[in-house]
Amino acid sequence: MYKSPPPSRKLAAAIAGHRPDIVHLASPFVLGVRGAALAARAGVPAVAVYQTDLAGYARTYLGAGELAAWRRIRAVHSAADLTLAPSTASLRALAEHGVPRTELWPRGVDTARFRPELRDPSLRSELAPGGELLVGYVGRLAPEKHVELLAGAAALPGVRVVVVGDGPSQTALRAALPRARFLGRRTGDDLARVYASLDVFAHTGPFETFCQTVQEAQASGVATVAPAVGGPLDLIDHGRTGLLVAPRDPGALREAVRVLRDDPALRAALGRAGRAAVEDRTWEAVGDQLLEHYARVRHERAVAVR
């Protein structure tokens with residue numbers, strides 16, 4: 001009877017058979033750890049991507065373990081020739097916790113799919129039959145996202161909150177936001193239509209290493225609000241391309257929504273400036289940056305072994 005080889009042996013065989021010039025570790029904490037070791041054994045440089053705030057997750061779900069999480073992060077990423085971080089806040093955090101050899105590599109956004117022209121009057125009438133201001137959240141419904149912070153904004157007169165996504169907190173959030181419309185998970189062109197039909201996009205999570213949904217909302221020409229921490233600090237120029245608020249502060253979030261409700265001209269200006277800010281952040285441009293990182297790592301490895 002044939003017995004399949006263990007995953008580590010399969011991975012070693014794949015690396016040997018493929019004869020790569022570089023190994024890209026997209027998620028270094030499970031299979032990627034073994035991939036880094038095998039890349040080192042084969043003499044192939046490895047590039048790791050830091051994309052999840054595991055320390056923040058430890059605080060949220062365990063109430064402890066932040067230092068242990070950083071020890072794990074440091075051990076894994078120190079084994080790579082280069083770690084790519086998606087934001088300047090992530091770069092600072094990695095440096096503060098002793099992770100060497102880091103560079104910035106942000107994320108792209110599909111500005112052809114996400115665009116203001118998809119604004120749909122019929123969808124807006126369905127979601128806000130009384131002409132309410134549509135304030136949307138898009139993302140996973142989980143404790144670390146703190147979507148319940150939208151309760152104050154949802155209680156404002158003339159405001160309708162729309163929640164897009166699913167996850168373990170959905171039942172609790174329906175209770176916390178009884179007036180909100182929950183649309184479930186949306187993808188592709190359907191998601192793009194929802195984005196463009198919003199008046200304000202509000203992100204609530206304080207643990208974002210980047211925050212792709214802010215970029216997608218900006219590409220859709222929508223005024224954005226997000227906490228002044230982590231990835232959004234790179235994406236939002238406060239007062240010009242969006243509004244930044246104190247993290248985990250429902251009053252600050254409510255006030256930002258109130259200001260945008262009462263100032264249509266500001267909403268429009270933030271939406272236009274947000275769209276202009278992301279027009280050059282295409283996935284093609286970001287891919288070219290990644291190739292440049294690959295080339296530099298390969299050159300440095302070649303020089304080191306001479």
# chains A, B, ... in the order shown; residues from 1 in each chain; ligands from 1
>>> residues_around(residues="A:Leu82", least_positions_apart="6", cutoff="10 Å", atoms="only C-alpha atoms", output="PDB file with N, CA and C atoms, in the first residue's frame")
ATOM      1  N   HIS A  24       9.851  32.485  -1.608  1.00  0.00           N
ATOM      2  CA  HIS A  24       8.980  33.525  -1.049  1.00  0.00           C
ATOM      3  C   HIS A  24       8.097  32.878   0.005  1.00  0.00           C
ATOM      4  N   PRO A  45      18.207  31.946  -1.279  1.00  0.00           N
ATOM      5  CA  PRO A  45      17.736  33.018  -0.399  1.00  0.00           C
ATOM      6  C   PRO A  45      16.224  32.961  -0.202  1.00  0.00           C
ATOM      7  N   ALA A  46      15.774  33.420   0.965  1.00  0.00           N
ATOM      8  CA  ALA A  46      14.346  33.407   1.300  1.00  0.00           C
ATOM      9  C   ALA A  46      13.885  34.812   1.658  1.00  0.00           C
ATOM     10  N   VAL A  47      12.719  35.160   1.155  1.00  0.00           N
ATOM     11  CA  VAL A  47      12.074  36.431   1.481  1.00  0.00           C
ATOM     12  C   VAL A  47      10.773  36.110   2.205  1.00  0.00           C
ATOM     13  N   ALA A  48      10.596  36.673   3.401  1.00  0.00           N
ATOM     14  CA  ALA A  48       9.401  36.435   4.204  1.00  0.00           C
ATOM     15  C   ALA A  48       8.528  37.683   4.219  1.00  0.00           C
ATOM     16  N   VAL A  49       7.229  37.477   4.287  1.00  0.00           N
ATOM     17  CA  VAL A  49       6.280  38.593   4.333  1.00  0.00           C
ATOM     18  C   VAL A  49       5.631  38.634   5.712  1.00  0.00           C
ATOM     19  N   VAL A  99      13.805  42.291  14.887  1.00  0.00           N
ATOM     20  CA  VAL A  99      13.791  41.579  13.607  1.00  0.00           C
ATOM     21  C   VAL A  99      14.708  42.315  12.631  1.00  0.00           C
ATOM     22  N   PRO A 100      15.731  41.647  12.098  1.00  0.00           N
ATOM     23  CA  PRO A 100      16.692  42.322  11.215  1.00  0.00           C
ATOM     24  C   PRO A 100      16.233  42.301   9.751  1.00  0.00           C
ATOM     25  N   ARG A 101      16.924  43.100   8.932  1.00  0.00           N
ATOM     26  CA  ARG A 101      16.781  43.037   7.473  1.00  0.00           C
ATOM     27  C   ARG A 101      15.321  43.174   7.029  1.00  0.00           C
ATOM     28  N   THR A 102      14.758  44.335   7.234  1.00  0.00           N
ATOM     29  CA  THR A 102      13.366  44.587   6.858  1.00  0.00           C
ATOM     30  C   THR A 102      13.288  45.694   5.814  1.00  0.00           C
ATOM     31  N   GLU A 103      12.280  45.603   4.987  1.00  0.00           N
ATOM     32  CA  GLU A 103      12.011  46.637   3.985  1.00  0.00           C
ATOM     33  C   GLU A 103      10.496  46.801   3.851  1.00  0.00           C
ATOM     34  N   HIS A 293      13.033  43.811  -4.910  1.00  0.00           N
ATOM     35  CA  HIS A 293      13.490  43.217  -3.653  1.00  0.00           C
ATOM     36  C   HIS A 293      14.154  41.862  -3.910  1.00  0.00           C
ATOM     37  N   TYR A 294      13.529  41.054  -4.770  1.00  0.00           N
ATOM     38  CA  TYR A 294      14.118  39.761  -5.114  1.00  0.00           C
ATOM     39  C   TYR A 294      15.524  39.939  -5.687  1.00  0.00           C
ATOM     40  N   ARG A 296      17.650  42.384  -5.376  1.00  0.00           N
ATOM     41  CA  ARG A 296      18.642  42.842  -4.401  1.00  0.00           C
ATOM     42  C   ARG A 296      19.077  41.708  -3.481  1.00  0.00           C
ATOM     43  N   VAL A 297      18.117  40.888  -3.036  1.00  0.00           N
ATOM     44  CA  VAL A 297      18.459  39.772  -2.147  1.00  0.00           C
ATOM     45  C   VAL A 297      19.365  38.778  -2.858  1.00  0.00           C
TER      46      VAL A 297
END
>>> residues_around(residues="A:Arg185", least_positions_apart="4", cutoff="7 Å", atoms="only C-alpha atoms", output="list in words")
Val164, Gly165 and Asp166 of chain A
>>> write_last_selection(atoms="C-alpha atoms", output="PDB file, in the first residue's frame")
ATOM      1  CA  VAL A 164     -20.260  43.478   4.846  1.00  0.00           C
ATOM      2  CA  GLY A 165     -18.550  40.242   5.874  1.00  0.00           C
ATOM      3  CA  ASP A 166     -19.005  37.230   8.084  1.00  0.00           C
TER       4      ASP A 166
END
>>> select_by_dssp(residues="stretch 156-209 of chain A", states="strand (DSSP E or B)", output="VMD selection string")
chain A and resid 159 to 164 181 to 184 200 to 202
